[in-house]
Amino acid sequence: MSTRPRLVTTQAELKEASTELLGAAAERHRSGRASQALVPTMGALHSGHAALVDAARGANDVVVVSIFVNPLQFGEAADLQRYPRTLEADLDLLASAGADIVFAPAVQEVYPDGEPLVRISAGRLGETLEGASRPGHFDGALTVVAKLLHYALPALPADFRAYFGQKDAQQLALVRRMVADLDFPVEIVGVPIVRDADGLALSSRNRFLSPAEREAALVLSRSLHYLKGQADRHEPLDLNGALAMIGSVPLVELDYLEVVDPASLAPLAFNCQDTPFTGEALALAAARVGPVRLIDNVRLGAGQGPGAEPR
């Protein structure tokens with residue numbers, strides 16, 4: 001049976017556990033320099049999170065996974081309360097995945113004075129797509145990511161990396177921009193989306209879908225891969241056809257379907273519908289299926305670049 005990771009709940013405990021493991025790892029290296037990874041999560045873990053930990057495990061000596069349901073990311077109190085908390089099951093999964101430390105702080109540990117008066121602003125990059133539908137969401141997400149990166153910053157000389165899933169593509173782009181703009185000493189690593197056998201992108205929210213809603217939700221991945229097939233063949237992208245596919249499923253209420261630049265998130269659809277697709281782009285979709293809001297994306301023309309989904 002796999003050994004459970006060390007569970008800590010305070011910043012001081014995290015620093016102590018990290019320093020102990022990094023020190024032991026450094027002794028095993030001729031260079032004396034070890035490496036540490038942070039995998040930020042909100043818990044309710046699944047195979048997609050395991051893939052993040054697996055990627056971190058393969059490139060680092062010490063793997064820290066944070067589990068924190070961040071209240072600043074939720075627009076409605078009911079949504080925050082409903083978010084699943086499954087710490088015991090999460091620890092079992094992380095033991096199998098190979099995490100060393102789990103940092104699971106209380107809200108009072110992260111926000112000791114209540115909601116912070118000063119927050120990270122996502123700026124213009126956070127006002128489109130998810131940001132337009134969920135105002136303030138990315139300000140809350142970046143604020144907690146900044147705090148978690150500070151908490152997990154190695155106290156000993158060590159390489160430091162943080163791992164994020166490509167499913168939250170806008171969040172990943174924003175975290176990379178924050179780290180670059182504010183000079184955080186960390187490398188941000190994106191990990192491809194993990195899907196169920198039927199193509200549905202793994203999400204902690206999938207558990208709230210009824211069988212009929214889950215079947216309906218598959219139209220999101222079908223429509224995105226419809227566009228990917230055209231991009232792979234260097235054909236013009238049939239955005240209207242993809243929209244029609246989604247519109248034909250009554251249980252799916254589409255929020256947006258966009259084709260954007262992977263780094264800037266600037267719309268690209270206007271110049272790829274009438275001419276053969278070349279280069280790289282990101283096709284993103286968000287929709288409400290029953291009570292659940294789902295997001296998905298597919299990299300177009302991603303054969304040459306990082307973050308491509310396995311075929």
# chains A, B, ... in the order shown; residues from 1 in each chain; ligands from 1
>>> residues_around(residues="range 128-140 of chain A", least_positions_apart="6", cutoff="6 Å", atoms="only C-alpha atoms", output="list of chain:residue names")
A:Leu72, A:Gln73, A:Ile120, A:Ser121, A:Ala122
>>> closest_residue(among="A:Leu284, A:Val191, A:Ala212, A:Leu200", to="Lys228 in chain A", atoms="only C-alpha atoms")
A:Leu284
>>> closest_atom_pairs(of="range 187-281 of chain A", to="range 83-106 of chain A", cutoff="12 Å", atoms="only C-alpha atoms", output="tab-separated table")
residue	atom	partner	partner_atom	distance
A:Ser203	CA	A:Pro84	CA	11.5
A:Ser204	CA	A:Pro84	CA	7.8
A:Arg205	CA	A:Tyr83	CA	8.1
A:Asn206	CA	A:Pro84	CA	11.2
A:Arg207	CA	A:Pro84	CA	9.5
A:Phe208	CA	A:Pro84	CA	10.0
>>> residues_around(residues="Glu215 in chain A", least_positions_apart="4", cutoff="12 Å", atoms="only C-alpha atoms", output="number ranges by chain")
A: 198-200, 206, 209-211, 219-222, 249-252, 289-290
>>> closest_residue(among="A:Arg299, A:Arg288, A:His234, A:Arg195", to="Ser47 in chain A", atoms="only C-alpha atoms")
A:Arg195
>>> closest_atom_pairs(of="range 263-288 of chain A", to="range 161-179 of chain A", cutoff="12 Å", atoms="only C-alpha atoms", output="CSV")
residue,atom,partner,partner_atom,distance
A:Ala263,CA,A:Ala173,CA,6.2
A:Ser264,CA,A:Ala173,CA,7.8
A:Leu265,CA,A:Gln170,CA,7.6
A:Ala266,CA,A:Gln170,CA,11.2
A:Ala281,CA,A:Ala169,CA,11.7
A:Leu282,CA,A:Ala169,CA,8.7
A:Ala283,CA,A:Ala169,CA,10.0
A:Leu284,CA,A:Ala169,CA,8.3
A:Ala285,CA,A:Lys167,CA,10.5
A:Ala286,CA,A:Asp168,CA,10.9
>>> residues_around(residues="Thr19 in chain A", least_positions_apart="3", cutoff="12 Å", atoms="only C-alpha atoms", output="NGL selection string")
:A and (12-16 or 22-26 or 34-36 or 61-62 or 64 or 101 or 152-158)
>>> write_last_selection(atoms="N, CA, C and O atoms", output="CSV table (one decimal), in the first residue's frame")
chain,number,residue,atom,x,y,z
A,12,ALA,N,3.8,27.4,8.6
A,12,ALA,CA,5.0,27.0,9.3
A,12,ALA,C,5.3,25.5,9.1
A,12,ALA,O,6.4,25.0,8.9
A,13,GLU,N,4.2,24.7,9.2
A,13,GLU,CA,4.4,23.2,9.1
A,13,GLU,C,4.8,22.9,7.6
A,13,GLU,O,5.6,22.0,7.4
A,14,LEU,N,4.3,23.6,6.7
A,14,LEU,CA,4.6,23.4,5.3
A,14,LEU,C,6.1,23.7,5.1
A,14,LEU,O,6.9,22.9,4.5
A,15,LYS,N,6.6,24.8,5.6
A,15,LYS,CA,8.0,25.2,5.4
A,15,LYS,C,8.9,24.2,6.1
A,15,LYS,O,10.0,23.8,5.5
A,16,GLU,N,8.5,23.7,7.3
A,16,GLU,CA,9.4,22.7,8.0
A,16,GLU,C,9.4,21.4,7.2
A,16,GLU,O,10.5,20.8,7.1
A,22,LEU,N,13.6,18.6,1.2
A,22,LEU,CA,14.6,19.2,0.3
A,22,LEU,C,16.0,19.0,0.7
A,22,LEU,O,16.9,18.7,-0.1
A,23,GLY,N,16.2,19.1,2.0
A,23,GLY,CA,17.6,18.9,2.5
A,23,GLY,C,18.1,17.5,2.3
A,23,GLY,O,19.2,17.3,1.8
A,24,ALA,N,17.2,16.5,2.5
A,24,ALA,CA,17.6,15.1,2.3
A,24,ALA,C,17.8,14.9,0.8
A,24,ALA,O,18.8,14.2,0.4
A,25,ALA,N,17.0,15.5,-0.1
A,25,ALA,CA,17.2,15.4,-1.5
A,25,ALA,C,18.5,16.0,-2.0
A,25,ALA,O,19.2,15.5,-2.9
A,26,ALA,N,18.8,17.2,-1.5
A,26,ALA,CA,20.0,17.9,-1.9
A,26,ALA,C,21.2,17.1,-1.6
A,26,ALA,O,22.2,17.1,-2.3
A,34,ALA,N,18.3,20.7,-5.1
A,34,ALA,CA,17.2,19.8,-5.4
A,34,ALA,C,16.1,20.7,-6.1
A,34,ALA,O,16.3,21.8,-6.5
A,35,SER,N,14.9,20.1,-6.2
A,35,SER,CA,13.8,20.8,-6.9
A,35,SER,C,12.5,20.4,-6.2
A,35,SER,O,12.3,19.4,-5.6
A,36,GLN,N,11.6,21.4,-6.2
A,36,GLN,CA,10.3,21.3,-5.5
A,36,GLN,C,9.2,21.7,-6.5
A,36,GLN,O,9.3,22.7,-7.2
A,61,ASP,N,12.1,16.6,-6.9
A,61,ASP,CA,12.4,15.7,-5.8
A,61,ASP,C,11.3,15.8,-4.7
A,61,ASP,O,11.1,14.7,-4.1
A,62,VAL,N,10.7,16.9,-4.6
A,62,VAL,CA,9.6,17.1,-3.6
A,62,VAL,C,8.4,17.6,-4.2
A,62,VAL,O,8.4,18.5,-5.0
A,64,VAL,N,4.6,19.0,-3.5
A,64,VAL,CA,3.6,19.5,-2.6
A,64,VAL,C,2.3,19.7,-3.3
A,64,VAL,O,2.3,20.3,-4.4
A,101,ILE,N,3.9,15.9,0.3
A,101,ILE,CA,3.3,16.8,1.3
A,101,ILE,C,1.9,17.3,0.7
A,101,ILE,O,1.8,17.7,-0.4
A,152,ALA,N,4.8,27.9,-0.7
A,152,ALA,CA,5.6,26.8,-1.1
A,152,ALA,C,7.0,27.1,-1.7
A,152,ALA,O,7.7,26.2,-2.1
A,153,LEU,N,7.4,28.3,-1.7
A,153,LEU,CA,8.7,28.7,-2.2
A,153,LEU,C,9.7,28.0,-1.3
A,153,LEU,O,9.7,28.2,-0.1
A,154,PRO,N,10.6,27.3,-1.9
A,154,PRO,CA,11.6,26.5,-1.1
A,154,PRO,C,12.5,27.5,-0.2
A,154,PRO,O,12.9,28.5,-0.7
A,155,ALA,N,12.7,27.1,1.0
A,155,ALA,CA,13.6,27.8,1.9
A,155,ALA,C,15.0,27.6,1.6
A,155,ALA,O,15.9,28.4,2.0
A,156,LEU,N,15.3,26.4,1.0
A,156,LEU,CA,16.7,26.1,0.6
A,156,LEU,C,16.9,26.4,-0.9
A,156,LEU,O,15.9,26.5,-1.6
A,157,PRO,N,18.1,26.6,-1.3
A,157,PRO,CA,18.3,26.7,-2.8
A,157,PRO,C,17.8,25.5,-3.5
A,157,PRO,O,18.2,24.4,-3.3
A,158,ALA,N,16.8,25.8,-4.4
A,158,ALA,CA,16.2,24.7,-5.1
A,158,ALA,C,15.4,25.3,-6.3
A,158,ALA,O,15.0,26.4,-6.3
>>> select_by_dssp(residues="range 99-295 of chain A", states="strand (DSSP E or B)", output="ChimeraX atom specification")
/A:101-103,158-165,187-191,195,201,252-260,267,281-289,292-295
>>> select_by_dssp(residues="range 181-216 of chain A", states="helix (DSSP H, G or I)", output="VMD selection string")
chain A and resid 181 204 to 208 211 to 216
>>> residues_around(residues="Leu243 in chain A", least_positions_apart="6", cutoff="9 Å", atoms="only C-alpha atoms", output="PDB file with C-alpha atoms, in the first residue's frame")
ATOM      1  CA  SER A 223     -17.708  20.301 -31.345  1.00  0.00           C
ATOM      2  CA  LEU A 254     -23.924  27.597 -24.453  1.00  0.00           C
ATOM      3  CA  LEU A 257     -17.425  29.065 -28.213  1.00  0.00           C
TER       4      LEU A 257
END
>>> atom_distance(atom1="CA of Asn297 in chain A", atom2="CA of Val259 in chain A")
9.5 Å
